[in-house]
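Asker: Take a look at the following structure, please.
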Amino acid sequence: MAGQLGRVLHYHLRFYQLLGFHGLPLPGDAHPLRTQRCLQIWSFCLMIFLGTLAVFCVCSEDEFIHIGDTFGSFNDVLKYTVGGIAVVSIYVETLISHRHLARFWRLHGLLSDLLPSSTSTSSSWWRELRQHWRYLSWFHGLTASELALLAFFSLGQGTIRRHLVLFWTTFQPFVWLTHIRNIQFVLHVELLRQQLKQLAHELNLLAEYSKFANRRASFEGFENYLRRQLRQKQLIYDKIYDMYTSFQAAFRYSMLTVLLMIGVRISVDCYFMYYTIYNNINDIDYLFILPALLEIPAFIYTSRGCMEMLPRIAYKLHSITPGPTSSSYPTLSLQIQNFSLQMMHQPVVIHALGITILDGYLLTRVSINRTFLKNIKNFHNFNLKFLKIRNRMIKRQKCLGWVLCMRTEGGQGN
């Protein structure tokens with residue numbers, strides 16, 4: 001990794017290294033090649049251990065899986081399977097996509113030098129906290145909520161059944177690792193958003209300066225100055241787009257599997273919650289889905305904020321107004337149009353393997369699909385109740401007809 005990092009990014013990337021999610025040495029590490037090799041070996045060992053743990057829990061005859069209930073057993077097997085796939089895909093992608101991740105951080109270092117106000121290495125703790133407050137709020141807020149729920153569940157239950165102890169001590173690492181990986185996505189998208197925001201700020205200053213020069217007084221060579229500045233901003237956007245493509249290549253498959261893991265777990269636990277309440281089963285472990293309900297919105301909110309910077313950049317770009325009497329007016333207008341076409345053909349669109357775009361409409365589609373499934377389920381339950389009532393009425397009619405026949409035969413006999 002080239003360039004210097006702030007202390008906030010340095011400590012958090014070190015934390016991702018301990019989890020095996022970041023297979024690159026940090027600036028200042030002695031023997032970078034040896035460090036990278038050790039990190040890759042550590043990621044491979046964690047992948048083998050967690051993959052073996054998932055297979056062992058599914059195939060074991062112990063109470064890792066809910067015994068005595070087919071629905072509960074199916075839920076636990078599904079959780080272990082999806083969690084194992086997600087975690088293994090995370091470590092496989094960490095091992096094979098380290099070049100794309102290294103390119104992302106190299107470009108981030110170059111852009112930090114070009115736009116020093118975005119990530120200044122000499123900034124104080126307070127400035128870095130203000131810069132990364134979105135990421136830090138998601139990271140520490142979701143982590144603290146998970147730890148609080150875990151403590152509440154451990155202390156609030158008097159006697160915990162053996163199945164719950166075995167299940168949560170083995171499945172919780174999968175949940176925690178997928179959540180941390182999701183927050184790692186948030187970090188990289190937030191860094192992209194910061195670079196786009198800084199570019200929009202620079203274009204805004206250039207637009208205001210051009211308006212001031214047109215209203216007051218310009219200087220000789222002002223149009224050439226605008227063209228040079230636009231060219232520089234165009235090259236900066238090209239590097240930001242390379243950062244975006246490197247991010248998509250570095251987190252291509254794990255992004256889909258992590259979101260699938262979180263979504264499947266929420267769906268399964270919600271249905272299992274209805275099942276336990278309906279059957280009067282005293283299990284409150286479904287409360288662990290509360291942090292998961294915020295994981296997907298955290299990523300979608302950050303990616304939407306990143307993608308919404310493009311229309312702002314385009315607006316600031318077209319706010320640059322060269323003098324209409326300038327000799328280089330057509331050339332400058334053509335350069336602005338080329339910049340707009342570049343953003344049109346190279347948009348920053350966060351997606352999961354090209355299947356779905358991670359914006360606010362994703363939550364709407366998911367909620368609509370779940371509402372549709374719920375309505376189908378309610379309609380099915382209504383049909384079952386209607387059939388039961390209809391069968392009861394038919395039985396009562398048959399019994400009434402049989403009683404009337406018996407009375408009629410008895411009267412004729414008398």
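Labels used: A, B, ... for chains in the order of the structure tokens, numbers from 1 for residues in each chain, and numbers from 1 for ligands as shown.
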So that I can see what lies close to A:Ala86, please list as a VMD selection string the residues with an atom at most 7 Å from it, counting only C-alpha atoms and leaving out residues fewer than 2 positions away in the same chain.

Answerer: chain A and resid 82 to 84 88 to 90 254 257 to 258 261

Asker: Which residues of stretch 42-159 of chain A sit at most 9 Å from stretch 174-191 of chain A, using only C-alpha atoms? Give each one's shortest atom pair and distance in Å (one decimal place), in chain and ascending residue order, as CSV.

Answerer:
residue,atom,partner,partner_atom,distance
A:Leu50,CA,A:Phe174,CA,8.1
A:Ala54,CA,A:Phe174,CA,9.0
A:Tyr80,CA,A:Phe174,CA,8.3
A:Gly83,CA,A:Phe174,CA,5.6
A:Gly84,CA,A:Phe174,CA,7.1
A:Ala86,CA,A:Thr178,CA,7.2
A:Val87,CA,A:Phe174,CA,6.6
A:Ile90,CA,A:Arg181,CA,7.9
A:Phe104,CA,A:His188,CA,8.9
A:His108,CA,A:Leu191,CA,8.1
A:His132,CA,A:Glu190,CA,8.0
A:Arg134,CA,A:Glu190,CA,7.9
A:Tyr135,CA,A:Leu187,CA,5.9
A:Leu136,CA,A:Leu187,CA,8.8
A:Trp138,CA,A:Ile183,CA,7.3
A:Phe139,CA,A:Ile183,CA,6.2
A:Leu142,CA,A:His179,CA,8.6
A:Thr143,CA,A:Ile180,CA,8.5
A:Glu146,CA,A:Trp176,CA,8.5

Asker: Mind checking which residues fall within 10 Å of A:Gln346, counting only C-alpha atoms, ignoring those fewer than 2 positions away in the same chain, and posting them as JSON, numbers by chain?

Answerer: {"A": [237, 238, 241, 242, 244, 245, 340, 341, 342, 343, 344, 348, 349]}

Asker: Please, could you write that set of residues out with N, CA, C and O atoms as an mmCIF file, in the first residue's frame?

Answerer:
data_model
loop_
_atom_site.group_PDB
_atom_site.id
_atom_site.type_symbol
_atom_site.label_atom_id
_atom_site.label_comp_id
_atom_site.auth_asym_id
_atom_site.auth_seq_id
_atom_site.Cartn_x
_atom_site.Cartn_y
_atom_site.Cartn_z
ATOM 1 N N TYR A 237 -11.267 12.527 -11.724
ATOM 2 C CA TYR A 237 -12.436 11.647 -11.825
ATOM 3 C C TYR A 237 -12.062 10.302 -12.441
ATOM 4 O O TYR A 237 -12.624 9.263 -12.064
ATOM 5 N N ASP A 238 -11.136 10.316 -13.376
ATOM 6 C CA ASP A 238 -10.693 9.058 -13.976
ATOM 7 C C ASP A 238 -10.036 8.163 -12.926
ATOM 8 O O ASP A 238 -10.265 6.947 -12.910
ATOM 9 N N TYR A 241 -12.777 6.777 -10.716
ATOM 10 C CA TYR A 241 -13.460 5.656 -11.380
ATOM 11 C C TYR A 241 -12.608 4.390 -11.325
ATOM 12 O O TYR A 241 -13.147 3.285 -11.173
ATOM 13 N N ASP A 242 -11.294 4.522 -11.434
ATOM 14 C CA ASP A 242 -10.413 3.359 -11.272
ATOM 15 C C ASP A 242 -10.495 2.810 -9.845
ATOM 16 O O ASP A 242 -10.443 1.592 -9.640
ATOM 17 N N TYR A 244 -13.176 2.925 -8.043
ATOM 18 C CA TYR A 244 -14.475 2.233 -8.022
ATOM 19 C C TYR A 244 -14.384 0.844 -8.658
ATOM 20 O O TYR A 244 -14.893 -0.138 -8.106
ATOM 21 N N THR A 245 -13.749 0.763 -9.825
ATOM 22 C CA THR A 245 -13.615 -0.545 -10.477
ATOM 23 C C THR A 245 -12.747 -1.498 -9.647
ATOM 24 O O THR A 245 -13.011 -2.702 -9.600
ATOM 25 N N SER A 340 -18.817 15.560 -19.167
ATOM 26 C CA SER A 340 -20.149 15.009 -18.881
ATOM 27 C C SER A 340 -20.339 13.637 -19.519
ATOM 28 O O SER A 340 -20.903 12.720 -18.904
ATOM 29 N N LEU A 341 -19.867 13.480 -20.756
ATOM 30 C CA LEU A 341 -19.965 12.174 -21.408
ATOM 31 C C LEU A 341 -19.112 11.128 -20.690
ATOM 32 O O LEU A 341 -19.498 9.952 -20.610
ATOM 33 N N GLN A 342 -17.980 11.547 -20.151
ATOM 34 C CA GLN A 342 -17.148 10.610 -19.393
ATOM 35 C C GLN A 342 -17.894 10.099 -18.160
ATOM 36 O O GLN A 342 -17.869 8.903 -17.862
ATOM 37 N N MET A 343 -18.558 10.994 -17.434
ATOM 38 C CA MET A 343 -19.324 10.558 -16.266
ATOM 39 C C MET A 343 -20.523 9.712 -16.661
ATOM 40 O O MET A 343 -20.935 8.823 -15.917
ATOM 41 N N MET A 344 -21.068 9.961 -17.851
ATOM 42 C CA MET A 344 -22.203 9.175 -18.304
ATOM 43 C C MET A 344 -21.794 7.750 -18.670
ATOM 44 O O MET A 344 -22.493 6.781 -18.355
ATOM 45 N N VAL A 348 -20.360 5.763 -11.424
ATOM 46 C CA VAL A 348 -20.051 5.049 -10.186
ATOM 47 C C VAL A 348 -21.365 4.472 -9.667
ATOM 48 O O VAL A 348 -22.173 5.172 -9.043
ATOM 49 N N VAL A 349 -21.580 3.197 -9.961
ATOM 50 C CA VAL A 349 -22.807 2.497 -9.583
ATOM 51 C C VAL A 349 -22.407 1.279 -8.750
ATOM 52 O O VAL A 349 -21.802 0.337 -9.270
#

Asker: Skipping near chain neighbours, those fewer than 5 positions away, what residues fall within 8 Å of A:Leu24 using only C-alpha atoms, listed as a short mmCIF file (atom, residue, chain, number, x, y, z; two decimals) with all heavy atoms, in the first residue's frame?

Answerer:
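The resulting file, selection-v4.cif, is reproduced below:
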data_model
loop_
_atom_site.label_atom_id
_atom_site.label_comp_id
_atom_site.auth_asym_id
_atom_site.auth_seq_id
_atom_site.Cartn_x
_atom_site.Cartn_y
_atom_site.Cartn_z
N MET A 1 0.84 -1.19 0.00
CA MET A 1 0.00 0.00 0.00
C MET A 1 0.87 1.25 0.00
O MET A 1 1.73 1.42 0.86
CB MET A 1 -0.92 0.02 1.23
CG MET A 1 -1.98 -1.05 1.22
SD MET A 1 -2.92 -1.06 2.75
CE MET A 1 -3.53 0.61 2.79
N GLN A 17 -6.93 -6.78 9.39
CA GLN A 17 -5.83 -7.74 9.21
C GLN A 17 -5.92 -8.88 10.22
O GLN A 17 -5.69 -10.05 9.88
CB GLN A 17 -4.48 -7.03 9.33
CG GLN A 17 -4.05 -6.24 8.12
CD GLN A 17 -2.70 -5.60 8.30
OE1 GLN A 17 -2.20 -5.48 9.42
NE2 GLN A 17 -2.08 -5.18 7.21
N THR A 35 5.24 -9.68 5.35
CA THR A 35 3.98 -9.42 6.04
C THR A 35 2.79 -9.84 5.20
O THR A 35 1.83 -10.44 5.71
CB THR A 35 3.88 -7.92 6.38
OG1 THR A 35 5.01 -7.54 7.17
CG2 THR A 35 2.61 -7.63 7.16
N GLN A 36 2.82 -9.53 3.91
CA GLN A 36 1.72 -9.93 3.03
C GLN A 36 1.60 -11.45 2.95
O GLN A 36 0.49 -11.99 2.97
CB GLN A 36 1.94 -9.33 1.64
CG GLN A 36 0.82 -9.65 0.66
CD GLN A 36 1.02 -8.98 -0.68
OE1 GLN A 36 1.93 -8.17 -0.83
NE2 GLN A 36 0.19 -9.30 -1.64
N LEU A 39 0.02 -12.68 6.15
CA LEU A 39 -1.41 -12.37 6.20
C LEU A 39 -2.22 -13.32 5.31
O LEU A 39 -3.34 -13.73 5.67
CB LEU A 39 -1.64 -10.93 5.76
CG LEU A 39 -1.16 -9.84 6.73
CD1 LEU A 39 -1.28 -8.47 6.08
CD2 LEU A 39 -1.95 -9.89 8.03
N HIS A 98 -6.20 -9.59 -3.86
CA HIS A 98 -5.37 -8.63 -3.14
C HIS A 98 -4.77 -7.57 -4.09
O HIS A 98 -4.47 -6.46 -3.66
CB HIS A 98 -4.26 -9.35 -2.38
CG HIS A 98 -3.37 -10.18 -3.25
ND1 HIS A 98 -2.22 -9.69 -3.82
CD2 HIS A 98 -3.45 -11.47 -3.65
CE1 HIS A 98 -1.64 -10.62 -4.53
NE2 HIS A 98 -2.36 -11.73 -4.45
N ALA A 102 -4.99 -3.65 -3.49
CA ALA A 102 -3.78 -2.83 -3.44
C ALA A 102 -3.89 -1.65 -4.39
O ALA A 102 -3.46 -0.53 -4.07
CB ALA A 102 -2.56 -3.69 -3.78
#

Asker: At a cut-off of 8 Å, using only C-alpha atoms, what residues contact A:Ala352? Leave out same-chain residues fewer than 2 positions from it and give the result as a PyMOL selection string.

Answerer: chain A and resi 252-253+255-256+350+354-358

Asker: Just how far from atom CA of A:Leu18 is atom CA of A:Phe167, in Å to one decimal?

Answerer: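 Atom-to-atom, atom CA of A:Phe167 to atom CA of A:Leu18, that is 24.3 Å.
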
Asker: When you count only C-alpha atoms, which of these residues is closest to A:Ser319: A:Leu206, A:Ile48, A:Ala250, A:Leu9?

Answerer: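 Among the listed residues, A:Leu206 lies closest to A:Ser319.
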
Asker: Between atom CA of A:His100 and atom CA of A:Phe339, measure the distance and give it in Å to one decimal.

Answerer: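 Separation of atom CA of A:His100 and atom CA of A:Phe339: 25.6 Å.
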
Asker: What is the distance between atom CA of A:Leu33 and atom CA of A:Gln248, in Å to one decimal?

Answerer: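 Atom CA of A:Gln248 lies at a distance of 24.5 Å from atom CA of A:Leu33.
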
Asker: Would you pick out the contacts of A:Arg265 at 12 Å or less, using only C-alpha atoms, so that residues sharing its chain but fewer than 5 positions from it are not included, and give the list as number ranges by chain?

Answerer: A: 75-83, 86, 171-172, 174-175, 178-179, 257-260, 270-273, 286-293, 295-296

Asker: Taking only C-alpha atoms into account, name the residue in A:Gly221, A:Gly20, A:Pro32, A:Pro25 that is nearest to A:Phe44.

Answerer: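 So, comparing all the options, the nearest one is A:Gly20.
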
Asker: Can you tell me which residues surround A:Gln195 at a distance of at most 12 Å, considering only C-alpha atoms, apart from same-chain residues fewer than 5 positions away, and format the answer as a PyMOL selection string?

Answerer: chain A and resi 107-119+131+188-190+200-202+233+236-241+243-244+306-307+309-310+313+348

Asker: Which one of A:Thr169, A:Ile336, A:Arg215, A:Tyr278 sits closest to A:Leu53 if you count only C-alpha atoms?

Answerer: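 Nearest candidate to A:Leu53 out of A:Thr169, A:Ile336, A:Arg215, A:Tyr278: A:Thr169.
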
Asker: Enumerate as an NGL selection string all residues of stretch 91-287 of chain A assigned to alpha helix (DSSP H) by DSSP on the backbone, naming them with the chain letters and numbers the document uses.

Answerer: :A and (91-96 or 98-114 or 125-131 or 133-156 or 162-215 or 222-250 or 252-278)

Asker: Find, counting only C-alpha atoms, the residue in A:Leu199, A:Val268, A:Phe299, A:Arg7 that gets nearest to A:Leu317.

Answerer: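 Ranked by minimum distance to A:Leu317, first place goes to A:Leu199.
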